[in-house]
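Structure data (mmCIF, C-alpha atoms) from input_27.cif:
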data_query
#
loop_
_atom_site.label_atom_id
_atom_site.label_comp_id
_atom_site.auth_asym_id
_atom_site.auth_seq_id
_atom_site.Cartn_x
_atom_site.Cartn_y
_atom_site.Cartn_z
CA MET A 83 -310.21 41.80 72.38
CA SER A 84 -309.01 38.37 73.50
CA ALA A 85 -311.52 38.48 76.35
CA LEU A 86 -314.32 39.33 73.91
CA TYR A 87 -313.27 36.44 71.69
CA LEU A 88 -313.36 34.05 74.67
CA TYR A 89 -316.79 35.40 75.60
CA PHE A 90 -318.22 34.57 72.19
CA LEU A 91 -316.46 31.21 72.22
CA GLU A 92 -318.08 30.27 75.55
CA LEU A 93 -321.40 31.65 74.31
CA PHE A 94 -321.41 29.37 71.28
CA ARG A 95 -320.25 26.44 73.41
CA GLY A 96 -323.08 27.14 75.81
CA ILE A 97 -325.73 26.86 73.12
CA GLY A 98 -324.58 23.37 72.30
CA SER A 99 -321.93 23.88 69.62
CA ASN A 100 -318.73 21.84 69.75
CA ASP A 101 -315.33 23.46 69.27
CA THR A 102 -315.28 22.60 65.56
CA ILE A 103 -318.20 25.02 65.05
CA ALA A 104 -317.83 27.33 68.07
CA LYS A 105 -314.25 28.46 67.36
CA PRO A 106 -314.80 29.45 63.70
CA LEU A 107 -318.06 31.18 64.63
CA ALA A 108 -316.40 33.15 67.43
CA ALA A 109 -313.50 34.10 65.15
CA PHE A 110 -315.92 35.12 62.37
CA VAL A 111 -317.95 37.32 64.74
CA MET A 112 -314.75 38.97 65.97
CA LEU A 113 -313.61 39.64 62.40
CA VAL A 114 -316.99 41.21 61.63
CA ILE A 115 -316.73 43.38 64.74
CA ILE A 116 -313.14 44.45 63.93
CA PHE A 117 -313.97 45.31 60.32
CA PHE A 118 -317.12 47.13 61.40
CA ILE A 119 -315.13 49.17 63.94
CA ALA A 120 -312.53 49.89 61.25
CA TRP A 121 -315.22 50.97 58.76
CA LEU A 122 -316.98 53.09 61.37
CA ALA A 123 -313.70 54.74 62.36
CA HIS A 124 -312.91 55.44 58.71
CA PHE A 125 -316.38 56.88 58.12
CA PHE A 126 -316.23 59.33 61.03
CA THR A 127 -312.54 60.18 60.49
CA LYS A 128 -313.18 60.96 56.84
CA LYS A 129 -316.28 63.00 57.63
CA ILE A 130 -314.64 65.01 60.41
CA LEU A 131 -311.26 65.41 58.69
CA ILE A 132 -312.70 66.47 55.34
CA SER A 133 -315.12 68.95 56.92
CA ILE A 134 -312.30 70.56 58.96
CA VAL A 135 -309.95 70.70 55.98
CA LYS A 136 -312.64 72.15 53.70
CA ARG A 137 -313.36 74.92 56.21
CA ILE A 138 -309.66 75.78 56.44
CA ALA A 139 -309.28 75.69 52.63
CA LYS A 140 -312.20 78.08 52.15
CA LYS A 141 -310.69 80.62 54.54
CA THR A 142 -307.27 80.67 52.88
CA LYS A 143 -306.48 82.67 49.75
CA THR A 144 -304.16 80.06 48.22
CA GLU A 145 -305.37 77.54 45.65
CA TRP A 146 -303.13 74.61 46.54
CA ASP A 147 -305.15 73.56 49.59
CA ASP A 148 -308.36 73.55 47.51
CA ILE A 149 -306.59 71.38 44.93
CA LEU A 150 -305.47 68.95 47.67
CA VAL A 151 -309.07 68.63 48.84
CA LYS A 152 -310.34 68.15 45.28
CA SER A 153 -307.69 65.50 44.63
CA LYS A 154 -308.96 63.54 47.69
CA VAL A 155 -305.55 63.46 49.37
CA PHE A 156 -307.11 63.74 52.86
CA SER A 157 -309.71 61.09 52.00
CA GLY A 158 -306.82 58.75 51.32
CA LEU A 159 -305.13 59.63 54.61
CA ALA A 160 -308.37 58.77 56.43
CA HIS A 161 -307.76 55.11 55.54
CA LEU A 162 -304.80 55.05 57.96
CA VAL A 163 -307.19 54.88 60.93
CA PRO A 164 -308.88 51.56 59.95
CA ALA A 165 -305.48 50.17 58.95
CA PHE A 166 -304.09 50.87 62.44
CA ILE A 167 -307.23 49.38 64.04
CA ILE A 168 -306.84 46.12 62.10
CA PHE A 169 -303.12 46.08 62.88
CA TYR A 170 -303.50 46.55 66.65
CA LEU A 171 -306.55 44.29 67.05
CA SER A 172 -305.07 41.44 65.02
CA ASP A 173 -303.92 39.58 68.17
CA PHE A 174 -307.43 38.84 69.50
CA ALA A 175 -307.10 35.14 68.67
CA SER A 176 -303.51 34.75 69.89
CA GLN A 177 -302.70 32.95 73.08
CA PRO A 178 -302.06 35.35 76.02
CA GLU A 179 -298.98 34.55 78.07
CA THR A 180 -301.10 34.27 81.21
CA LEU A 181 -303.51 31.76 79.72
CA GLU A 182 -301.24 28.96 78.59
CA SER A 183 -303.79 26.40 79.73
CA LEU A 184 -306.28 27.75 77.17
CA ALA A 185 -303.91 27.42 74.21
CA SER A 186 -306.34 25.18 72.39
CA ASP A 187 -308.97 27.95 72.44
CA TYR A 188 -306.94 30.24 70.10
CA TYR A 189 -306.06 30.41 66.39
CA SER A 190 -302.32 30.82 66.05
CA LEU A 191 -302.50 31.58 62.29
CA LEU A 192 -305.21 34.24 62.47
CA GLU A 193 -302.94 36.98 63.83
CA PRO A 194 -300.30 36.62 61.04
CA PHE A 195 -303.10 36.70 58.46
CA LEU A 196 -304.54 39.95 59.87
CA LEU A 197 -301.07 41.47 60.21
CA LYS A 198 -300.36 40.72 56.55
CA LEU A 199 -303.72 42.17 55.60
CA ALA A 200 -302.98 45.33 57.58
CA LYS A 201 -299.51 45.70 56.02
CA ILE A 202 -300.93 45.28 52.50
CA TYR A 203 -303.58 47.84 53.41
CA PHE A 204 -300.83 50.24 54.57
CA ALA A 205 -298.90 49.74 51.31
CA ALA A 206 -302.06 50.38 49.26
CA ILE A 207 -302.85 53.52 51.28
CA ILE A 208 -299.34 54.88 50.83
CA VAL A 209 -299.34 54.39 47.05
CA ILE A 210 -302.87 55.84 46.71
CA VAL A 211 -301.92 58.93 48.76
CA ILE A 212 -298.69 59.37 46.76
CA ASN A 213 -300.65 59.06 43.50
CA ARG A 214 -303.18 61.69 44.63
CA LEU A 215 -300.44 63.96 45.94
CA LEU A 216 -298.65 63.78 42.60
CA ASN A 217 -301.89 64.58 40.75
CA ALA A 218 -302.44 67.53 43.06
CA GLY A 219 -298.82 68.63 42.65
CA ASN A 220 -299.16 68.57 38.86
CA GLU A 221 -302.38 70.59 39.04
CA ILE A 222 -300.78 73.11 41.42
CA TYR A 223 -297.76 73.39 39.10
CA ASN A 224 -300.09 73.98 36.13
CA THR A 225 -301.35 77.13 37.82
CA THR A 226 -297.85 78.67 37.63
CA GLU A 227 -296.47 80.64 34.69
CA TYR A 228 -293.74 78.03 34.10
CA ALA A 229 -296.18 75.17 33.41
CA HIS A 230 -297.00 76.26 29.87
CA HIS A 231 -293.34 76.18 28.84
CA ARG A 232 -292.12 73.24 30.93
CA PRO A 233 -294.80 70.59 31.67
CA ILE A 234 -293.88 68.01 34.32
CA LYS A 235 -296.58 65.42 33.63
CA GLY A 236 -294.03 62.99 32.17
CA TYR A 237 -291.84 63.14 35.28
CA ILE A 238 -294.86 62.66 37.54
CA GLN A 239 -295.89 59.58 35.57
CA LEU A 240 -292.41 58.15 36.05
CA ILE A 241 -292.60 58.73 39.82
CA LYS A 242 -296.01 57.03 39.84
CA ILE A 243 -294.59 54.01 38.05
CA LEU A 244 -291.77 53.79 40.61
CA ALA A 245 -294.25 54.20 43.51
CA PHE A 246 -296.55 51.44 42.22
CA PHE A 247 -293.54 49.24 41.51
CA MET A 248 -292.21 49.64 45.06
CA ALA A 249 -295.70 49.07 46.50
CA GLY A 250 -295.94 45.88 44.46
CA ILE A 251 -292.56 44.73 45.84
CA LEU A 252 -293.71 45.44 49.41
CA ILE A 253 -297.00 43.56 48.93
CA VAL A 254 -295.27 40.53 47.40
CA SER A 255 -292.68 40.54 50.21
CA VAL A 256 -295.46 40.62 52.83
CA LEU A 257 -297.32 37.74 51.17
CA LEU A 258 -294.16 35.63 50.86
CA GLY A 259 -292.77 36.68 54.23
CA LYS A 260 -289.50 37.76 52.61
CA ASP A 261 -287.36 40.87 53.06
CA PRO A 262 -288.06 43.44 50.28
CA THR A 263 -284.30 43.79 49.63
CA TYR A 264 -284.21 40.06 48.89
CA LEU A 265 -286.77 40.49 46.15
CA LEU A 266 -285.02 43.57 44.74
CA THR A 267 -281.76 41.61 44.58
CA GLY A 268 -283.53 38.85 42.70
CA LEU A 269 -284.94 41.38 40.25
CA GLY A 270 -281.41 42.39 39.33
CA ALA A 271 -281.15 39.17 37.35
CA MET A 272 -284.24 40.23 35.40
CA ALA A 273 -282.80 43.62 34.47
CA ALA A 274 -282.64 42.75 30.77
CA VAL A 275 -286.29 41.66 30.77
CA LEU A 276 -287.34 44.80 32.66
CA LEU A 277 -285.43 46.99 30.20
CA LEU A 278 -287.31 45.31 27.36
CA ILE A 279 -290.69 45.71 29.10
CA PHE A 280 -290.10 49.35 30.01
CA LYS A 281 -288.24 50.28 26.80
CA ASP A 282 -290.85 52.82 25.69
CA THR A 283 -291.07 54.27 29.19
CA ILE A 284 -287.29 54.73 29.43
CA LEU A 285 -287.09 56.24 25.94
CA GLY A 286 -290.08 58.47 26.74
CA PHE A 287 -288.48 59.65 29.97
CA VAL A 288 -285.21 60.57 28.26
CA ALA A 289 -287.15 62.28 25.46
CA SER A 290 -289.27 64.22 27.98
CA ILE A 291 -286.11 65.61 29.59
CA GLN A 292 -284.74 66.67 26.21
CA LEU A 293 -288.02 68.18 25.04
CA SER A 294 -288.44 70.13 28.26
CA GLY A 295 -284.80 71.12 28.68
CA ASN A 296 -284.46 72.36 25.09
CA ASP A 297 -287.96 73.90 25.05
CA MET A 298 -288.74 72.00 21.85
CA VAL A 299 -292.47 71.54 22.35
CA LYS A 300 -295.09 72.35 24.97
CA ILE A 301 -298.84 72.21 25.43
CA GLY A 302 -300.57 74.69 23.15
CA ASP A 303 -297.89 74.64 20.42
CA TRP A 304 -298.90 74.11 16.83
CA ILE A 305 -296.74 71.31 15.45
CA GLU A 306 -296.67 69.55 12.11
CA MET A 307 -295.35 65.99 11.75
CA PRO A 308 -296.44 64.40 8.44
CA SER A 309 -294.90 61.01 9.30
CA HIS A 310 -297.48 60.63 12.10
CA ARG A 311 -300.28 62.54 10.31
CA ALA A 312 -300.13 65.25 12.93
CA ASP A 313 -300.89 68.88 12.12
CA GLY A 314 -302.50 70.79 14.95
CA THR A 315 -302.26 71.85 18.58
CA VAL A 316 -300.49 69.86 21.31
CA ILE A 317 -303.10 69.10 23.98
CA ASP A 318 -301.20 66.69 26.23
CA ILE A 319 -297.63 65.56 26.87
CA THR A 320 -297.16 62.35 28.87
CA LEU A 321 -294.25 60.05 29.56
CA ASN A 322 -294.95 57.86 26.52
CA THR A 323 -297.08 59.92 24.15
CA VAL A 324 -297.79 63.41 22.88
CA LYS A 325 -301.40 64.07 21.83
CA VAL A 326 -302.07 66.48 18.99
CA GLU A 327 -305.54 67.74 18.10
CA ASN A 328 -305.49 68.14 14.33
CA TRP A 329 -307.35 70.92 12.59
CA ASP A 330 -309.99 68.43 11.47
CA LYS A 331 -310.54 67.62 15.17
CA THR A 332 -308.98 64.16 14.93
CA ILE A 333 -306.44 63.20 17.61
CA ALA A 334 -302.96 62.12 16.55
CA THR A 335 -300.86 60.24 19.13
CA ILE A 336 -297.10 60.50 18.72
CA PRO A 337 -294.56 58.51 20.80
CA THR A 338 -292.61 61.05 22.84
CA TYR A 339 -289.24 59.70 21.73
CA SER A 340 -290.29 60.16 18.05
CA LEU A 341 -290.13 63.94 18.57
CA ILE A 342 -286.42 63.48 19.34
CA ALA A 343 -285.64 60.78 16.77
CA GLU A 344 -287.57 62.37 13.89
CA SER A 345 -288.06 65.88 12.56
CA PHE A 346 -291.16 68.00 13.06
CA ASN A 347 -292.19 71.62 12.56
CA ASN A 348 -293.10 73.78 15.53
CA TRP A 349 -294.98 76.91 14.48
CA GLU A 350 -294.44 78.64 17.84
CA GLY A 351 -291.77 80.88 16.31
CA MET A 352 -294.29 82.18 13.79
CA GLU A 353 -296.87 82.78 16.52
CA LYS A 354 -294.33 84.77 18.55
CA SER A 355 -293.09 86.77 15.57
CA ASP A 356 -294.59 89.92 14.09
CA GLY A 357 -295.97 88.23 10.98
CA ARG A 358 -296.90 85.06 9.14
CA ARG A 359 -295.13 84.19 5.93
CA ILE A 360 -296.79 84.36 2.51
CA LYS A 361 -294.68 82.35 0.08
CA ARG A 362 -296.39 81.62 -3.19
CA SER A 363 -295.50 81.94 -6.87
CA ILE A 364 -297.31 82.49 -10.15
CA SER A 365 -295.94 80.96 -13.36
CA ILE A 366 -295.86 83.35 -16.32
CA ASP A 367 -296.17 82.01 -19.85
CA MET A 368 -292.69 82.76 -21.24
CA GLY A 369 -294.18 83.24 -24.69
CA THR A 370 -295.76 86.49 -23.49
CA VAL A 371 -292.53 88.05 -22.15
CA LYS A 372 -291.38 90.92 -24.39
CA PHE A 373 -289.71 94.33 -24.62
CA CYS A 374 -291.96 97.30 -23.96
CA ASP A 375 -292.68 99.46 -26.99
CA TYR A 376 -293.61 103.12 -26.87
CA GLY A 377 -297.35 102.43 -26.69
CA LEU A 378 -297.00 99.95 -23.79
CA LEU A 379 -294.79 102.35 -21.84
CA LYS A 380 -297.35 105.11 -22.27
CA LYS A 381 -300.02 102.72 -21.02
CA PHE A 382 -297.97 101.95 -17.88
CA GLU A 383 -297.43 105.67 -17.25
CA LYS A 384 -301.17 105.94 -16.62
CA PHE A 385 -300.90 103.64 -13.55
CA ASP A 386 -300.18 105.72 -10.43
CA LEU A 387 -298.32 102.97 -8.58
CA ILE A 388 -295.63 102.51 -11.27
CA LYS A 389 -295.80 105.79 -13.18
CA ASP A 390 -292.74 107.34 -11.49
CA TYR A 391 -290.75 104.12 -11.81
CA VAL A 392 -291.50 103.71 -15.53
CA VAL A 393 -290.61 107.33 -16.35
CA THR A 394 -287.43 107.37 -14.23
CA LYS A 395 -286.27 103.98 -15.48
CA GLN A 396 -286.93 104.89 -19.11
CA HIS A 397 -284.95 108.10 -18.74
CA GLU A 398 -282.06 106.17 -17.19
CA ILE A 399 -282.12 103.61 -20.03
CA GLU A 400 -282.22 106.29 -22.72
CA GLU A 401 -279.21 108.08 -21.19
CA PHE A 402 -277.36 104.76 -20.98
CA ASN A 403 -278.10 103.92 -24.62
CA LYS A 404 -277.14 107.43 -25.81
CA GLY A 405 -273.79 107.14 -24.04
CA ARG A 406 -273.09 103.96 -26.02
CA LYS A 407 -274.66 105.32 -29.22
CA VAL A 408 -277.27 102.57 -29.34
CA LYS A 409 -280.24 103.35 -31.62
CA SER A 410 -283.71 103.18 -30.14
CA GLU A 411 -284.81 100.47 -32.59
CA ASP A 412 -281.80 98.26 -31.62
CA LYS A 413 -283.35 96.30 -28.77
CA ILE A 414 -280.61 93.68 -28.39
CA SER A 415 -277.56 95.96 -28.19
CA GLY A 416 -278.77 98.33 -25.48
CA ARG A 417 -281.05 98.27 -22.51
CA SER A 418 -284.86 98.12 -22.66
CA GLN A 419 -287.69 97.69 -20.23
CA THR A 420 -289.66 94.42 -20.31
CA ASN A 421 -293.26 93.84 -19.39
CA VAL A 422 -292.31 91.18 -16.84
CA GLY A 423 -289.72 93.49 -15.23
CA ILE A 424 -292.28 96.27 -14.84
CA PHE A 425 -294.76 93.67 -13.55
CA ARG A 426 -292.30 92.64 -10.82
CA LYS A 427 -291.81 96.26 -9.84
CA TYR A 428 -295.57 96.74 -9.75
CA LEU A 429 -295.90 93.80 -7.35
CA GLU A 430 -293.27 95.33 -5.06
CA VAL A 431 -294.99 98.72 -4.95
CA TYR A 432 -298.44 97.15 -4.62
CA LEU A 433 -297.35 95.02 -1.64
CA GLN A 434 -295.44 97.90 -0.03
CA ASN A 435 -298.69 99.88 -0.06
CA HIS A 436 -300.76 96.97 1.24
CA PRO A 437 -301.91 97.75 4.83
CA MET A 438 -301.63 94.11 6.00
CA ILE A 439 -298.04 93.47 4.88
CA ASN A 440 -295.28 93.83 7.49
CA LEU A 441 -292.46 95.76 5.82
CA ASP A 442 -290.12 95.26 8.79
CA MET A 443 -289.78 91.56 7.98
CA THR A 444 -288.37 89.80 4.90
CA PHE A 445 -289.84 91.33 1.75
CA LEU A 446 -289.07 89.79 -1.66
CA VAL A 447 -290.62 89.67 -5.09
CA ARG A 448 -288.28 87.46 -7.05
CA GLN A 449 -287.94 85.53 -10.26
CA LEU A 450 -287.27 81.80 -9.86
CA GLN A 451 -285.63 79.34 -12.23
CA PRO A 452 -287.71 78.97 -15.41
CA ASN A 453 -289.07 75.47 -15.93
CA ASP A 454 -291.47 73.53 -18.14
CA LYS A 455 -294.38 75.30 -16.47
CA GLY A 456 -293.19 78.81 -17.29
CA LEU A 457 -291.39 81.59 -15.44
CA PRO A 458 -292.25 81.58 -11.69
CA ILE A 459 -292.60 84.99 -10.02
CA GLU A 460 -292.54 84.40 -6.26
CA ILE A 461 -294.03 86.56 -3.52
CA TYR A 462 -292.12 86.20 -0.22
CA VAL A 463 -293.60 88.57 2.37
CA PHE A 464 -295.17 88.47 5.84
CA SER A 465 -298.76 89.18 6.81
CA LYS A 466 -299.34 91.29 9.93
CA ASP A 467 -302.36 89.20 10.91
CA LYS A 468 -301.31 85.70 11.96
CA ARG A 469 -304.76 84.27 12.61
CA TRP A 470 -305.32 81.42 10.19
CA ALA A 471 -308.63 82.51 8.64
CA ASN A 472 -307.55 86.15 8.33
CA TYR A 473 -304.14 85.16 6.96
CA GLU A 474 -305.71 82.98 4.27
CA SER A 475 -308.12 85.78 3.37
CA ILE A 476 -305.29 88.33 3.01
CA GLN A 477 -303.25 85.91 0.91
CA ALA A 478 -306.22 85.09 -1.32
CA ASP A 479 -307.06 88.79 -1.84
CA ILE A 480 -303.49 89.54 -2.92
CA PHE A 481 -303.38 86.74 -5.47
CA ASP A 482 -306.91 87.48 -6.71
CA HIS A 483 -305.64 90.94 -7.56
CA ILE A 484 -302.41 89.68 -9.13
CA LEU A 485 -304.23 87.19 -11.37
CA ALA A 486 -306.67 89.88 -12.47
CA VAL A 487 -303.97 92.50 -13.17
CA ILE A 488 -301.56 90.29 -15.18
CA PRO A 489 -303.32 90.83 -18.55
CA GLU A 490 -302.77 94.60 -18.14
CA PHE A 491 -299.04 93.89 -18.61
CA GLU A 492 -299.78 91.82 -21.72
CA LEU A 493 -298.67 88.71 -19.84
CA LYS A 494 -300.42 85.38 -19.42
CA VAL A 495 -300.43 82.90 -16.58
CA TYR A 496 -299.15 79.49 -17.62
CA GLN A 497 -301.79 76.78 -17.32
CA THR A 498 -301.39 73.16 -18.28
CA PRO A 499 -303.57 72.46 -21.33
CA SER A 500 -306.87 70.82 -20.46
CA GLY A 501 -309.01 68.51 -22.56
CA GLU A 502 -311.01 71.49 -23.80
CA ASP A 503 -307.83 73.27 -24.97
CA LEU A 504 -306.71 70.19 -26.89
CA LYS A 505 -310.16 69.92 -28.45
CA ILE A 506 -309.91 73.52 -29.71
CA ILE A 507 -306.42 72.89 -31.12
CA THR A 508 -307.63 69.75 -32.91
CA THR A 509 -310.61 71.63 -34.33
CA ASN A 510 -308.36 74.40 -35.66
CA ILE A 511 -306.03 71.89 -37.30
CA LYS A 512 -308.94 70.27 -39.10
#

Have the structure of the file written as structure tokens, please.
Amino acid sequence: MSALYLYFLELFRGIGSNDTIAKPLAAFVMLVIIFFIAWLAHFFTKKILISIVKRIAKKTKTEWDDILVKSKVFSGLAHLVPAFIIFYLSDFASQPETLESLASDYYSLLEPFLLKLAKIYFAAIIVIVINRLLNAGNEIYNTTEYAHHRPIKGYIQLIKILAFFMAGILIVSVLLGKDPTYLLTGLGAMAAVLLLIFKDTILGFVASIQLSGNDMVKIGDWIEMPSHRADGTVIDITLNTVKVENWDKTIATIPTYSLIAESFNNWEGMEKSDGRRIKRSISIDMGTVKFCDYGLLKKFEKFDLIKDYVVTKQHEIEEFNKGRKVKSEDKISGRSQTNVGIFRKYLEVYLQNHPMINLDMTFLVRQLQPNDKGLPIEIYVFSKDKRWANYESIQADIFDHILAVIPEFELKVYQTPSGEDLKIITTNIK
């Protein structure tokens, strides 16, 4: 290439240009030729390499080679050819040892400039190829059965940060003409500043390890975190953030380390179980709770679901009272059935006969602590169908029935007085 440079130099001198114009023109033409050769080499290398690789990928049964092609890993490797061309042709304007007499015809600084350019190009190629390889590796990993439970996107992002950081160190060292280790040593003094800058990244990395190692959350899980207004499905886990698509289709972004530092609910256990919990109570007006008289007991005996219970229980109570010589009209000295007690038993039998209630899981119909809103009767059972819409429908149907059947037990649901109720009371007083 030195001979070609001298040829153009003499050519420009021959057409009447002095060295002030001829030398820059000759150098410029050579740079254009070198860059054109480099571009042409890259074009054909990329075209040939990609076509060969695509043919091989199509013939194989594995997916990873197709992913490598799609991630443009080989397109990045094709840049090595022009980088080597620039590197090896950078000495065209240097003085040959055999032409010491023509030293004034050469640019001594042009070769170092092109060498630096080639080295920076190499560093950029390496980091681009590593980045694409990591993307491809993550995509290949996502095709495995382990990916759903243990995502590695956070770790890959950390490796990318380190790769770009090292590439930046190499580029700066090339530009300054210093050894990379010299720069790394100097950065040791800035450790405190770097820790402050990368605080979230470091915390996110540690949190990612804990989340993955303890299987606390993964893509596809339904999590609920009120402090960050998150209630929906995890769609992405990165080094710094966890993205949650809420049920209203908004996206909540949670810092990864917040999932370690704060509490959140993961509904995965429910999704893996055999049922979804129904836990709801109805408050009974305590003024309607009473002992069952003969007429009310006879009424309950007409209901198939509780007929056997009412008869058996009444017989047991009568035998108990006879043994203690308690008269039937003495309600406070012996035992008696109450309308709320029979109502609770009815709820148990009704739910046990419900086709969508899982009887193999926790099953409770219980009375909670009475309060200023009445006597709460709580249903604590599990629905067989865990799908949200179906679950809500089952739950609503059960409580529709309960609300409708309560008056049959001569009970009332407690309801806070409304303006209309107060108006009626005031009218009655007048």

Could you tell me how far CA of Gly423 (chain A) sits from CA of Leu457 (chain A), in Å to one decimal place?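 Answer for the CA of Leu457 (chain A) to CA of Gly423 (chain A) separation: 12.0 Å.
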
Residues matched by the PyMOL selection byres ((chain A and resi 242) around 10) as a PyMOL selection string: chain A and resi 209-210+212-214+216-217+236-241+243-248

Do a neighbour search on region 311-320 of chain A at 9 Å with only C-alpha atoms, toss out local chain neighbours closer than 6 positions, and write the hits as a list in words.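 Final neighbour list, sorted by chain and number: Pro233, Ile234, Lys235, Gly236, Tyr237, Ile238, Gln239, Gly286, Ser290, Val299, Lys300, Ile301, Gly302, Asp303, Trp304, Ile305, Val326, Glu327, Asn328, Trp329, Asp330, Lys331, Ile333, Ala334, Thr335, Ile336 and Thr338 of chain A.
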
CA of Ile134 (chain A) to CA of Lys201 (chain A), distance in Å rounded to a single decimal: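 A separation of 28.1 Å between them.
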
Can you tell me, as a compact mmCIF listing (two decimals) with C-alpha atoms, in the coordinates of the input, what residues are no more than 12 Å from region 402-418 of chain A when counting all atoms listed in the file, ignoring any on the same chain fewer than 2 positions away?
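Final output, saved to result.txt:
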# COMPACT_ATOMS: atom_id res chain seq x y z
CA LYS A 372 -291.38 90.92 -24.39
CA PHE A 373 -289.71 94.33 -24.62
CA CYS A 374 -291.96 97.30 -23.96
CA ASP A 375 -292.68 99.46 -26.99
CA TYR A 376 -293.61 103.12 -26.87
CA LEU A 379 -294.79 102.35 -21.84
CA VAL A 392 -291.50 103.71 -15.53
CA LYS A 395 -286.27 103.98 -15.48
CA GLN A 396 -286.93 104.89 -19.11
CA HIS A 397 -284.95 108.10 -18.74
CA GLU A 398 -282.06 106.17 -17.19
CA ILE A 399 -282.12 103.61 -20.03
CA GLU A 400 -282.22 106.29 -22.72
CA THR A 420 -289.66 94.42 -20.31
CA ASN A 421 -293.26 93.84 -19.39
CA VAL A 422 -292.31 91.18 -16.84
CA GLY A 423 -289.72 93.49 -15.23
CA ILE A 424 -292.28 96.27 -14.84

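Between CA of Glu92 (chain A) and CA of Asp173 (chain A) the interatomic distance comes to 18.5 Å.
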
Tell me which protein, DNA and RNA residues are within 8 Å of Lys136 (chain A), counting all atoms listed in the file, leaving out same-chain ones fewer than 3 positions away, and put them as number ranges by chain. A: 132-133, 139-140, 148, 151

Would you export the selected residues with C-alpha atoms as a compact mmCIF listing (two decimals), in the coordinates of the input, please?
# COMPACT_ATOMS: atom_id res chain seq x y z
CA ILE A 132 -312.70 66.47 55.34
CA SER A 133 -315.12 68.95 56.92
CA ALA A 139 -309.28 75.69 52.63
CA LYS A 140 -312.20 78.08 52.15
CA ASP A 148 -308.36 73.55 47.51
CA VAL A 151 -309.07 68.63 48.84

Hits from the PyMOL selection byres ((chain A and resi 437-442) around 9), listed as a compact mmCIF listing (two decimals) with C-alpha atoms, in the frame of the given file:
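In the end it all went to selection.txt:
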# COMPACT_ATOMS: atom_id res chain seq x y z
CA ASP A 356 -294.59 89.92 14.09
CA GLY A 357 -295.97 88.23 10.98
CA LEU A 433 -297.35 95.02 -1.64
CA GLN A 434 -295.44 97.90 -0.03
CA ASN A 435 -298.69 99.88 -0.06
CA HIS A 436 -300.76 96.97 1.24
CA MET A 443 -289.78 91.56 7.98
CA THR A 444 -288.37 89.80 4.90
CA PHE A 445 -289.84 91.33 1.75
CA VAL A 463 -293.60 88.57 2.37
CA PHE A 464 -295.17 88.47 5.84
CA SER A 465 -298.76 89.18 6.81
CA LYS A 466 -299.34 91.29 9.93
CA ASP A 467 -302.36 89.20 10.91
CA ILE A 476 -305.29 88.33 3.01

Every residue with an atom at most 12 Å from (-315.1, 41.5, 62.7) (file coordinates; all atoms listed in the file) is what I'm after, so could you write them as a ChimeraX atom specification? /A:83,86-87,107-122,167-168,171-172,174-175,196

Can you list, as a VMD selection string, the residues that the PyMOL selection byres ((chain A and resi 365) around 6) selects here? chain A and resid 364 366 456 to 458 495 to 496

Which residues, written as a list in words, have at least one atom at most 9 Å from Arg448 (chain A), with only C-alpha atoms counted and residues fewer than 3 positions away on the same chain left out? Arg426, Pro458, Ile459, Glu460, Ile461 and Tyr462 of chain A

Please determine the residues with any atom at most 8 Å from (-308.6, 66.1, 40.5) (coordinates as given in the file, with only C-alpha atoms counting) and report them as a ChimeraX atom specification. /A:149,152-154,217-218,221
